[in-house]
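Undergrad: Sharing input.tsv, TSV, C-alpha atoms:
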```
chain	number	residue	atom	x	y	z
A	296	GLN	CA	0.00	0.00	0.00
A	297	VAL	CA	1.25	3.48	-0.89
A	298	HIS	CA	0.58	6.52	1.27
A	299	VAL	CA	1.06	10.04	-0.14
A	300	VAL	CA	1.11	13.08	2.14
A	301	GLU	CA	1.35	16.75	1.19
A	302	SER	CA	2.27	19.65	3.44
A	303	GLY	CA	3.13	23.33	3.24
A	304	GLY	CA	-0.10	24.96	2.18
A	305	GLY	CA	-1.54	28.02	3.83
A	306	LEU	CA	-2.60	31.62	3.45
A	307	VAL	CA	-0.24	34.04	1.71
A	308	GLN	CA	-0.54	37.56	0.33
A	309	PRO	CA	-0.29	38.22	-3.41
A	310	GLY	CA	3.34	38.30	-4.46
A	311	GLY	CA	4.34	35.98	-1.65
A	312	SER	CA	5.87	32.50	-1.71
A	313	LEU	CA	5.08	29.05	-0.43
A	314	ARG	CA	6.84	25.71	-0.67
A	315	LEU	CA	4.82	22.52	-0.87
A	316	SER	CA	6.25	19.15	0.05
A	317	CYS	CA	5.05	15.65	-0.75
A	318	ALA	CA	6.31	12.31	0.50
A	319	ALA	CA	5.28	8.84	-0.60
A	320	SER	CA	5.74	5.82	1.60
A	321	GLY	CA	5.08	2.15	1.07
A	322	SER	CA	5.72	-0.08	-1.91
A	323	VAL	CA	6.52	2.35	-4.69
A	324	PHE	CA	8.04	0.38	-7.56
A	325	ARG	CA	9.27	1.71	-10.88
A	326	LEU	CA	8.62	5.35	-10.14
A	327	SER	CA	8.02	7.15	-13.43
A	328	ALA	CA	6.87	10.63	-12.48
A	329	MET	CA	5.88	12.92	-9.64
A	330	GLY	CA	3.64	15.88	-10.07
A	331	TRP	CA	1.45	18.58	-8.61
A	332	HIS	CA	-2.11	19.25	-9.66
A	333	ARG	CA	-4.60	21.76	-8.36
A	334	GLN	CA	-8.32	22.22	-8.23
A	335	ALA	CA	-10.07	25.51	-7.60
A	336	PRO	CA	-13.74	25.67	-6.54
A	337	GLY	CA	-15.99	24.89	-9.48
A	338	GLN	CA	-13.03	24.05	-11.70
A	339	GLN	CA	-11.56	20.83	-13.02
A	340	ARG	CA	-8.35	19.51	-11.58
A	341	GLU	CA	-5.39	20.64	-13.67
A	342	LEU	CA	-1.74	19.75	-13.95
A	343	VAL	CA	0.55	22.38	-12.46
A	344	ALA	CA	3.99	20.81	-12.74
A	345	LEU	CA	5.50	17.43	-13.47
A	346	ILE	CA	8.93	15.90	-13.02
A	347	LEU	CA	9.85	12.63	-14.69
A	348	SER	CA	12.21	10.10	-13.14
A	349	SER	CA	14.77	11.30	-15.71
A	350	GLY	CA	14.61	14.80	-14.26
A	351	THR	CA	12.69	16.35	-17.14
A	352	THR	CA	10.16	18.91	-15.97
A	353	ASN	CA	6.97	20.31	-17.44
A	354	TYR	CA	4.85	23.26	-16.30
A	355	ALA	CA	1.45	24.68	-16.99
A	356	ASP	CA	1.75	27.95	-18.92
A	357	SER	CA	0.08	29.82	-16.08
A	358	VAL	CA	2.90	29.03	-13.64
A	359	LYS	CA	5.98	29.06	-15.88
A	360	GLY	CA	8.67	31.31	-14.47
A	361	ARG	CA	7.01	31.43	-11.05
A	362	PHE	CA	6.87	27.81	-9.85
A	363	THR	CA	9.69	25.29	-9.65
A	364	ILE	CA	9.28	21.56	-9.15
A	365	SER	CA	12.04	19.38	-7.75
A	366	GLY	CA	12.17	15.79	-6.64
A	367	ASP	CA	14.18	13.07	-4.99
A	368	ASN	CA	13.45	9.69	-6.58
A	369	ALA	CA	15.29	7.68	-3.97
A	370	ASN	CA	13.32	9.21	-1.11
A	371	ARG	CA	10.04	9.47	-3.05
A	372	THR	CA	9.69	13.15	-2.28
A	373	VAL	CA	8.68	16.05	-4.48
A	374	TYR	CA	8.55	19.78	-3.83
A	375	LEU	CA	6.88	22.76	-5.42
A	376	GLN	CA	8.40	26.18	-4.83
A	377	MET	CA	5.78	28.80	-5.62
A	378	ASN	CA	6.85	32.43	-6.00
A	379	SER	CA	5.02	35.58	-7.06
A	380	LEU	CA	1.74	34.00	-6.06
A	381	LYS	CA	-1.49	35.40	-7.47
A	382	PRO	CA	-5.08	35.15	-6.22
A	383	GLU	CA	-5.84	32.87	-9.16
A	384	ASP	CA	-3.37	30.35	-7.74
A	385	THR	CA	-5.83	29.72	-4.91
A	386	ALA	CA	-6.77	26.04	-4.97
A	387	VAL	CA	-6.33	22.69	-3.30
A	388	TYR	CA	-2.99	21.32	-4.44
A	389	TYR	CA	-2.63	17.58	-4.88
A	390	CYS	CA	0.48	15.49	-5.21
A	391	ARG	CA	0.47	12.57	-7.64
A	392	ILE	CA	3.02	9.77	-7.70
A	393	THR	CA	3.05	7.65	-10.84
A	394	THR	CA	4.64	4.26	-11.29
A	395	GLY	CA	4.69	1.96	-14.28
A	396	ARG	CA	1.22	0.69	-13.45
A	397	TYR	CA	-0.47	2.92	-10.92
A	398	ALA	CA	-1.00	6.53	-9.87
A	399	TYR	CA	-1.34	7.53	-6.23
A	400	TRP	CA	-2.84	10.78	-4.96
A	401	GLY	CA	-2.45	12.65	-1.73
A	402	GLN	CA	-5.33	14.18	0.20
A	403	GLY	CA	-4.49	17.72	-0.91
A	404	THR	CA	-3.32	20.88	0.79
A	405	GLN	CA	-5.10	24.23	0.59
A	406	VAL	CA	-3.29	27.24	-0.83
A	407	THR	CA	-5.05	30.58	-0.48
A	408	VAL	CA	-3.63	33.76	-1.97
A	409	SER	CA	-5.40	36.79	-0.61
A	410	SER	CA	-4.74	40.18	0.91
```
Once you've parsed the file, please lay out its structure as structure tokens.
TA:
Amino acid sequence: QVHVVESGGGLVQPGGSLRLSCAASGSVFRLSAMGWHRQAPGQQRELVALILSSGTTNYADSVKGRFTISGDNANRTVYLQMNSLKPEDTAVYYCRITTGRYAYWGQGTQVTVSS
């Protein structure tokens, strides 16, 4: 069984920064990618950033230049550094761990950007 836990969300003013962390424990075999998704109220869940086991990264256009994803394959951890936050970044952020066969989601962490 795989357990995925996010942390680091909270309330921040526009222009501020937050760092999200995610750790996966349990039987994670053949890790292929780790990523962050988000879902705002009334919206569909969307991909924010992805890092492959090779180190290749991919970002949603809306966060390019502001967010940075990094990961540690050996420790099954992934981070999302979020800078220059905007009110439209407000959402529940979910971590997703993908192996060759399965995808595992965390419970989500709330990020609120407001003055």
Undergrad: Please, which residues are within 8 Å of (4.0, 27.6, -2.8) by the file's coordinates, counting all atoms listed in the file, and could they come as a list of chain:residue names?
TA: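 Those within range, by chain then number, are A:Gly303, A:Gly304, A:Ser312, A:Leu313, A:Arg314, A:Leu315, A:Phe362, A:Leu375, A:Gln376, A:Met377, A:Asn378, A:Leu380, A:Val406.
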Undergrad: Find the spatial neighbours of Tyr399 in chain A, counting all atoms listed in the file, within a cut-off of 12 Å - ignore same-chain residues fewer than 3 positions away - and output them as an MDAnalysis selection string.
TA: chainID A and resid 296:300 317:324 326:331 371 389:396 402:403
Undergrad: Could you please determine the separation between CA of Thr385 in chain A and CA of Thr407 in chain A in Å, to one decimal place?
TA: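 Interatomic distance here is 4.6 Å.
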Undergrad: Would you list the residues near (-3.4, 17.6, -12.2), meaning any protein, DNA or RNA residue with an atom at most 10 Å from that point in file coordinates, counting only C-alpha atoms, as a list in words?
TA: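 Those residues lying close to the given coordinates are Gly330, Trp331, His332, Arg333, Gln334, Gln339, Arg340, Glu341, Leu342, Val343, Ala344, Leu345, Ala355, Tyr388, Tyr389, Cys390, Arg391 and Trp400 of chain A.
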Undergrad: What's the separation between CA of Ser348 in chain A and CA of Glu301 in chain A, in Å to one decimal place?
TA: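 Between CA of Ser348 in chain A and CA of Glu301 in chain A the gap is 19.2 Å.
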Undergrad: Hey, can you check how far CA of Gly337 in chain A sits from CA of Tyr374 in chain A?
TA: 25.7 Å
Undergrad: Considering only C-alpha atoms, return as JSON, numbers by chain whatever protein or nucleic-acid residues lie within 7 Å of Ser409 in chain A, sequence-local ones (same chain, fewer than 6 positions apart) excluded.
TA: {"A": [307, 308, 309, 382]}
Undergrad: Could those selected residues go to a file with C-alpha atoms, as a JSON list (two decimals), keeping the file's coordinate frame?
TA:
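Now in again.json:
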```
[["chain", "number", "residue", "atom", "x", "y", "z"],
["A", 307, "VAL", "CA", -0.24, 34.04, 1.71],
["A", 308, "GLN", "CA", -0.54, 37.56, 0.33],
["A", 309, "PRO", "CA", -0.29, 38.22, -3.41],
["A", 382, "PRO", "CA", -5.08, 35.15, -6.22]]
```
